[in-house]
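Report on the following structure.
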Protein chains: 4
Amino acid sequence: MKKEERKDQLLECALRLFAERGYYSTSVAGIIRRAGVARGTFYLYFHNKRDIFQQLLNTNFSYIYRTLPSLELTAGMNEKQLENALLHSLRLLLSHKNSVDFITLVMKEAIGIDKGFAGQVEHFYKTMADIFCGYVARAQALGKARKADPYLVARFIVGMLKEAIYQWARGEITDLDQLARTLVKFIMFGIRGAS
Amino acid sequence: MKKEERKDQLLECALRLFAERGYYSTSVAGIIRRAGVARGTFYLYFHNKRDIFQQLLNTNFSYIYRTLPSLELTAGMNEKQLENALLHSLRLLLSHKNSVDFITLVMKEAIGIDKGFAGQVEHFYKTMADIFCGYVARAQALGKARKADPYLVARFIVGMLKEAIYQWARGEITDLDQLARTLVKFIMFGIRGAS
Amino acid sequence: MKKEERKDQLLECALRLFAERGYYSTSVAGIIRRAGVARGTFYLYFHNKRDIFQQLLNTNFSYIYRTLPSLELTAGMNEKQLENALLHSLRLLLSHKNSVDFITLVMKEAIGIDKGFAGQVEHFYKTMADIFCGYVARAQALGKARKADPYLVARFIVGMLKEAIYQWARGEITDLDQLARTLVKFIMFGIRGAS
Amino acid sequence: MKKEERKDQLLECALRLFAERGYYSTSVAGIIRRAGVARGTFYLYFHNKRDIFQQLLNTNFSYIYRTLPSLELTAGMNEKQLENALLHSLRLLLSHKNSVDFITLVMKEAIGIDKGFAGQVEHFYKTMADIFCGYVARAQALGKARKADPYLVARFIVGMLKEAIYQWARGEITDLDQLARTLVKFIMFGIRGAS
DNA sequence: AATGAATGAGGATTCATTCAT
DNA sequence: TATGAATGAATCCTCATTCAT
């Protein structure tokens with residue numbers, strides 16, 4: 001087996017276990033058992049347990065960061081356009097198991113492990129909030145949104161998204177289209193205010 | 001020191017540490033060091049580490065459950081009333097350090113530890129969601145809210161609240177009044193839709 | 001068993017093993033087996049394997065450093081006095097098993113383990129050399145010793161002592177009196193030169 | 001690369017590392033990294049780590065044993081002749097880096113590794129001691145040396161030599177001529193006694 | 001009601017060695 | 001003749017838990 005394949009295999013096994021049981025309840029023993037390799041093989045690819053977790057964060061976050069620009073929110077967008085943009089991003093994000101595992105992992109665990117990891121997670125949420133903050137602020141400037149602290153509102157949106165995605169990952173929500181539609185409507189009205 | 005006092009002291013120390021570092025990074029050694037008692041004393045009051053965590057969940061959740069009824073949301077409430085009700089509940093919740101620690105703890109950790117704990121946390125959020133769901137449904141029945149899956153909307157609200165509280169616990173938000181006002185407005189418009 | 005006793009017991013077992021097999025071939029498992037205690041007990045008293053070794057160095061070196069002043073070498077001493085002084089110090093040093101083990105350990109191992117340890121050992125030898133250097137220099141000043149680099153000569157003396165003690169520790173030499181007598185004579189003549 | 005070249009290269013790299021860090025702190029990984037060959041290549045030339053160490057001992061000791069006869073000590077030698085003989089041998093021994101590395105290695109490590117290795121090292125020192133012992137005994141027979149246990153004296157000489165060489169290897173001594181001169185004088189007077 | 005020395009299962013990590021290519 | 005991925009035994013270390021005092 002080629003080096004990269006084996007590494008990817010280990011990363012995938014680790015991601016699944018981390019997402020299932022959390023960081024501390026996942027042992028290196030568990031990871032190698034699932035991957036069907038020997039103890040030493042693990043350390044051929046990763047310095048230690050922390051390292052494989054870090055690499056998972058890096059890989060997945062950088063993937064998300066790279067796909068994020070597709071979520072270009074223009075203040076002039078109408079409801080339908082916004083819905084499509086959001087739906088597109090959600091689909092991209094939730095389309096394969098690894099991403100969902102990663103999100104589950106980040107949501108339930110990464111913060112609690114370590115100040116370093118927590119920082120990276122917080123940074124991600126902040127980036128998201130900044131994107132929405134910019135959108136809201138622009139909309140306000142155009143008179144299309146009512147007055148309100150745009151960053152606070154952005155955080156609300158992040159909170160809603162987190163919850164939505166988490167419910168989706170737990171299988172409580174199955175209809176992505178309906179989710180996106182309802183969410184966008186809620187946000188639009190929430191931002192725009194009474195007309 | 002009386003039995004109850006000692007136990008409360010241990011619970012408090014544990015809560016603080018759990019909230020600061022998470023379940024696994026908190027050791028019994030750490031708890032007793034902070035409490036200034038001997039190793040054996042800990043096991044005089046708790047069966048094991050899991051037990052003290054469980055008792056923290058019990059105590060704090062039951063406190064919250066008890067105070068929740070004060071958040072009676074009547075469909076007929078106007079914006080100001082809703083805002084007051086929410087502000088009152090938030091104040092109750094965030095007024096002392098222990099509660100905030102508990103929330104931090106629950107948000108960052110409890111889910112990742114154990115299926116059993118996760119269940120309790122989910123149950124709490126579900127209860128919250130149910131309250132909001134009922135409110136939204138009633139408002140819809142009265143024609144005061146636009147059409148939308150009320151449970152989904154309720155989940156959005158829970159997500160916003162979680163995020164808001166989490167930011168407050170992290171010290172990112174300081175003005176509780178403004179928070180409550182902005183949140184209620186956002187929810188109201190989000191629910192009600194364009195008039 | 002009291003804390004100090006247990007610690008001393010562990011130190012003694014470790015010293016014996018280190019002296020017998022060297023640092024790396026001695027495992028914590030070996031130490032606790034010999035001491036008849038559990039794995040965790042070891043770590044109750046020492047941070048790690050390096051720590052117990054360090055403590056052995058500290059304890060024993062400081063003992064030697066404390067007893068060293070008894071080796072007061074006056075330039076005016078005659079042969080018999082010098083012999084007595086040396087014999088006294090050697091007796092003090094070689095009188096109980098622990099000291100001998102320690103010396104064996106230091107001679108065969110400490111240098112090879114670690115730069116840090118090596119430094120401490122070198123420092124000890126340097127201290128010894130300095131003592132002899134002072135003696136030789138004083139003797140030269142009094143015209144009782146021939147011209148020669150005193151520090152080099154001191155190093156020779158240290159070398160002879162090391163070899164003598166090492167042979168004694170290996171059981172090749174048994175008569176301490178004869179050893180001291182022969183050594184002192186050799187040194188005296190070596191220093192003094194032909195008359 | 002030819003078989004012998006590769007092997008010599010590996011031996012040299014290993015020698016350097018063993019001398020620098022000792023047997024246990026030198027890993028096969030380190031040796032092959034320094035030699036720039038693959039893992040498997042190492043085992044093409046040596047059965048195992050112990051084997052390369054053993055071969056280093058063999059090669060170097062046999063070299064020393066071969067050159068030792070040049071150190072023919074005749075009882076009738078005068079001071080100058082003895083000095084020259086010693087200087088010649090020391091020069092031969094310390095003239096190239098490999099020898100010095102080997103000596104450093106033997107002095108700081110070989111004893112602590114393994115009974116088998118220790119035996120070989122002891123044997124070497126014993127051989128040296130025997131040479132000096134013979135010289136002293138012959139000198140005594142000729143009435144040119146005072147009475148003293150010749151083997152004990154020989155050990156002293158070995159001790160002085162070890163110390164001298166070790167200091168030289170550490171760079172503390174730089175003038176080989178002065179060293180030889182001082183050493184021979186010390187020995188001569190030490191042996192001969194007052195006349 | 002309190003202590004703290006002792007325990008040992010559990011998990012992480014290292015590294016010499018093998019073997020298919 | 002050379003490679004380097006894979007192995008797993010050996011070892012270190014942690015920490016929740018027990019129990020005699």
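Labels for the structure tokens follow display order: chains A, B, ..., residues from 1 in each chain, ligands from 1.
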What lies within 12 Å of Ala137 in chain B using only C-alpha atoms (C1' of nucleotides), ignoring chain neighbours under 5 positions off, as a JSON list (two decimals) with C-alpha atoms, in the first residue's frame?
[["chain", "number", "residue", "atom", "x", "y", "z"],
["B", 73, "LEU", "CA", -44.43, 32.18, 26.73],
["B", 74, "THR", "CA", -47.89, 33.15, 25.85],
["B", 75, "ALA", "CA", -48.72, 33.51, 22.23],
["B", 129, "ALA", "CA", -37.03, 23.31, 21.85],
["B", 130, "ASP", "CA", -40.44, 21.97, 22.86],
["B", 131, "ILE", "CA", -41.20, 25.11, 24.80],
["B", 132, "PHE", "CA", -40.39, 27.29, 21.83],
["B", 142, "LEU", "CA", -53.47, 32.78, 16.16],
["B", 143, "GLY", "CA", -52.26, 33.93, 12.76],
["B", 144, "LYS", "CA", -49.50, 35.88, 14.41],
["B", 145, "ALA", "CA", -46.77, 33.77, 12.88],
["B", 146, "ARG", "CA", -46.12, 32.81, 9.32],
["B", 147, "LYS", "CA", -46.14, 29.23, 8.13],
["B", 148, "ALA", "CA", -43.03, 27.23, 8.87],
["B", 149, "ASP", "CA", -42.17, 23.93, 10.57],
["B", 150, "PRO", "CA", -42.51, 25.07, 14.18],
["B", 151, "TYR", "CA", -40.06, 22.52, 15.55],
["B", 152, "LEU", "CA", -37.43, 23.50, 13.07],
["B", 153, "VAL", "CA", -37.92, 27.10, 13.99],
["B", 154, "ALA", "CA", -37.74, 26.19, 17.65],
["B", 191, "ILE", "CA", -41.31, 34.13, 13.23],
["B", 192, "ARG", "CA", -43.83, 36.71, 12.34]]
At a cut-off of 12 Å, using only C-alpha atoms (C1' of nucleotides), what residues contact Glu172 in chain C? Leave out same-chain residues fewer than 4 positions from it and give the result as a list in words.
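The neighbour list is Glu163, Ala164, Ile165, Tyr166, Gln167, Trp168, Leu176 and Leu179 of chain C; Glu122, Lys126, Tyr151, Leu152 and Arg155 of chain D.
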Using only C-alpha atoms (C1' of nucleotides), I'd like a table of the residues in chain E that come within 10 Å of chain C; for each, show the closest atom pair and its distance in Å rounded to one decimal, ordered by chain and ascending number, as CSV.
residue,atom,partner,partner_atom,distance
E:DA5,C1',C:Lys3,CA,7.9
E:DA6,C1',C:Thr41,CA,6.3
E:DT7,C1',C:Ala38,CA,6.2
E:DG8,C1',C:Arg39,CA,7.1
Write the selection just made, keeping N, CA and C atoms (P, O5', C5', C4', C3', O3' and C1' of nucleotides), as a short mmCIF file (atom, residue, chain, number, x, y, z; two decimals), in the first residue's frame?
data_model
loop_
_atom_site.label_atom_id
_atom_site.label_comp_id
_atom_site.auth_asym_id
_atom_site.auth_seq_id
_atom_site.Cartn_x
_atom_site.Cartn_y
_atom_site.Cartn_z
P DA E 5 1.48 9.77 51.87
"O5'" DA E 5 1.94 8.24 51.81
"C5'" DA E 5 1.79 7.43 52.96
"C4'" DA E 5 1.52 5.99 52.56
"C3'" DA E 5 2.38 5.48 51.41
"O3'" DA E 5 2.71 4.13 51.70
"C1'" DA E 5 0.10 5.35 50.80
P DA E 6 3.56 3.30 50.63
"O5'" DA E 6 2.44 2.55 49.80
"C5'" DA E 6 1.67 1.53 50.45
"C4'" DA E 6 0.74 0.90 49.44
"C3'" DA E 6 1.42 0.42 48.15
"O3'" DA E 6 1.17 -0.97 48.00
"C1'" DA E 6 -0.52 1.72 47.66
P DT E 7 1.74 -1.76 46.78
"O5'" DT E 7 0.50 -1.75 45.79
"C5'" DT E 7 -0.76 -2.21 46.28
"C4'" DT E 7 -1.82 -1.98 45.21
"C3'" DT E 7 -1.44 -2.53 43.83
"O3'" DT E 7 -2.28 -3.61 43.52
"C1'" DT E 7 -2.45 -0.37 43.70
P DG E 8 -1.77 -4.85 42.75
"O5'" DG E 8 -2.31 -4.52 41.30
"C5'" DG E 8 -3.68 -4.19 41.13
"C4'" DG E 8 -3.89 -3.60 39.75
"C3'" DG E 8 -3.00 -4.22 38.66
"O3'" DG E 8 -3.72 -4.19 37.43
"C1'" DG E 8 -2.62 -1.95 38.75
#
What is the CA of Asp114 in chain B to CA of Leu105 in chain A distance in Å?
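About the pair CA of Asp114 in chain B and CA of Leu105 in chain A: they are 13.7 Å apart.
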Give one line per residue of chain B that approaches chain F to at most 12 Å, naming the two atoms of the closest pair and their distance in Å to one decimal, counting only C-alpha atoms (C1' of nucleotides); sort by chain then ascending residue number and deliver it as CSV.
residue,atom,partner,partner_atom,distance
B:Tyr24,CA,F:DC15,C1',10.7
B:Ser25,CA,F:DC15,C1',10.9
B:Thr26,CA,F:DC15,C1',10.6
B:Ser27,CA,F:DC15,C1',7.5
B:Val28,CA,F:DA16,C1',7.5
B:Ala29,CA,F:DC15,C1',8.3
B:Gly30,CA,F:DC15,C1',10.9
B:Arg39,CA,F:DT17,C1',9.7
B:Gly40,CA,F:DT18,C1',8.8
B:Phe42,CA,F:DT17,C1',10.7
B:Tyr43,CA,F:DT17,C1',8.6
B:Leu44,CA,F:DT18,C1',11.8
B:Phe46,CA,F:DT17,C1',11.5
B:His47,CA,F:DT17,C1',9.4
B:Asn48,CA,F:DA16,C1',7.7
B:Lys49,CA,F:DA16,C1',7.6
B:Arg50,CA,F:DA16,C1',10.2
Kindly save the residues from that selection, with N, CA, C and O atoms included, as a compact mmCIF listing (two decimals), in the first residue's frame.
# COMPACT_ATOMS: atom_id res chain seq x y z
N TYR B 24 -12.15 14.90 30.84
CA TYR B 24 -11.00 14.01 30.89
C TYR B 24 -9.74 14.69 31.39
O TYR B 24 -8.89 14.06 32.00
N SER B 25 -9.63 15.96 31.11
CA SER B 25 -8.43 16.66 31.56
C SER B 25 -8.54 17.09 33.03
O SER B 25 -7.59 17.61 33.59
N THR B 26 -9.69 16.87 33.59
CA THR B 26 -9.84 17.13 35.02
C THR B 26 -9.60 15.84 35.78
O THR B 26 -10.26 14.84 35.51
N SER B 27 -8.67 15.87 36.70
CA SER B 27 -8.39 14.65 37.45
C SER B 27 -8.95 14.76 38.86
O SER B 27 -9.15 15.87 39.38
N VAL B 28 -9.21 13.63 39.44
CA VAL B 28 -9.64 13.62 40.84
C VAL B 28 -8.57 14.33 41.67
O VAL B 28 -8.89 15.09 42.58
N ALA B 29 -7.33 14.10 41.31
CA ALA B 29 -6.23 14.76 42.01
C ALA B 29 -6.42 16.27 41.98
O ALA B 29 -6.22 16.96 42.99
N GLY B 30 -6.80 16.79 40.83
CA GLY B 30 -7.01 18.23 40.69
C GLY B 30 -8.14 18.72 41.57
O GLY B 30 -8.02 19.76 42.23
N ARG B 39 -7.32 12.43 49.32
CA ARG B 39 -7.82 11.53 48.30
C ARG B 39 -9.07 10.76 48.75
O ARG B 39 -10.10 10.76 48.09
N GLY B 40 -8.95 10.13 49.89
CA GLY B 40 -10.03 9.27 50.37
C GLY B 40 -11.31 10.04 50.61
O GLY B 40 -12.42 9.50 50.46
N PHE B 42 -12.67 12.31 48.97
CA PHE B 42 -13.48 12.41 47.75
C PHE B 42 -14.42 11.23 47.64
O PHE B 42 -15.61 11.39 47.37
N TYR B 43 -13.89 10.05 47.90
CA TYR B 43 -14.68 8.83 47.72
C TYR B 43 -15.64 8.57 48.88
O TYR B 43 -16.39 7.61 48.88
N LEU B 44 -15.57 9.46 49.84
CA LEU B 44 -16.54 9.41 50.93
C LEU B 44 -17.86 10.01 50.46
O LEU B 44 -18.94 9.68 50.98
N PHE B 46 -18.52 10.63 46.88
CA PHE B 46 -18.89 10.22 45.52
C PHE B 46 -18.33 8.84 45.22
O PHE B 46 -17.24 8.50 45.66
N HIS B 47 -19.13 8.07 44.50
CA HIS B 47 -18.66 6.72 44.17
C HIS B 47 -17.41 6.77 43.30
O HIS B 47 -16.48 6.00 43.49
N ASN B 48 -17.43 7.68 42.36
CA ASN B 48 -16.29 7.78 41.44
C ASN B 48 -16.39 9.10 40.69
O ASN B 48 -17.29 9.90 40.93
N LYS B 49 -15.50 9.28 39.77
CA LYS B 49 -15.45 10.54 39.04
C LYS B 49 -16.74 10.74 38.23
O LYS B 49 -17.29 11.84 38.17
N ARG B 50 -17.17 9.67 37.60
CA ARG B 50 -18.40 9.74 36.82
C ARG B 50 -19.56 10.23 37.71
O ARG B 50 -20.40 11.01 37.28
Contact check, chain C to chain D, at most 6 Å, counting only C-alpha atoms, closest pairs as a Markdown table:
| residue | atom | partner | partner_atom | distance |
| --- | --- | --- | --- | --- |
| C:Gly22 | CA | D:Gly112 | CA | 5.1 |
| C:Lys108 | CA | D:Gly112 | CA | 5.5 |
| C:Glu109 | CA | D:Gly112 | CA | 5.7 |
| C:Ile111 | CA | D:Lys108 | CA | 5.9 |
| C:Gly112 | CA | D:Gly22 | CA | 5.2 |
| C:Phe156 | CA | D:Met160 | CA | 4.7 |
| C:Gly159 | CA | D:Met160 | CA | 4.7 |
| C:Met160 | CA | D:Gly159 | CA | 4.7 |
| C:Glu163 | CA | D:Gly159 | CA | 4.9 |
| C:Phe186 | CA | D:Gly190 | CA | 4.4 |
| C:Phe189 | CA | D:Gly190 | CA | 4.7 |
| C:Gly190 | CA | D:Gly190 | CA | 4.0 |
| C:Gly193 | CA | D:Phe189 | CA | 5.4 |
| C:Ala194 | CA | D:Ala194 | CA | 5.1 |
| C:Ser195 | CA | D:Ala194 | CA | 5.9 |
Extract, using only C-alpha atoms (C1' of nucleotides), all DNA, RNA and protein residues at most 9 Å from Leu86 in chain B, discarding same-chain residues fewer than 4 positions from it, and format them as a list in words.
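Surrounding residues, per the criterion: Leu71, Gln81, Leu82, Leu90, Arg91, Ala180, Arg181 and Val184 of chain B.
Here CA of Glu4 in chain B and C1' of DA1 in chain E stand 11.9 Å from one another.
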Between CA of Tyr125 in chain B and CA of Glu12 in chain B, what is the distance, to one decimal in Å?
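Atom-to-atom, CA of Tyr125 in chain B and CA of Glu12 in chain B are spaced 23.4 Å apart.
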Would you please extract all helix (DSSP H, G or I) residues from chain C, as assigned by DSSP on the backbone, and give them as an MDAnalysis selection string?
chainID C and resid 3:21 28:35 39:45 49:70 79:94 97:113 115:141 150:169 176:192
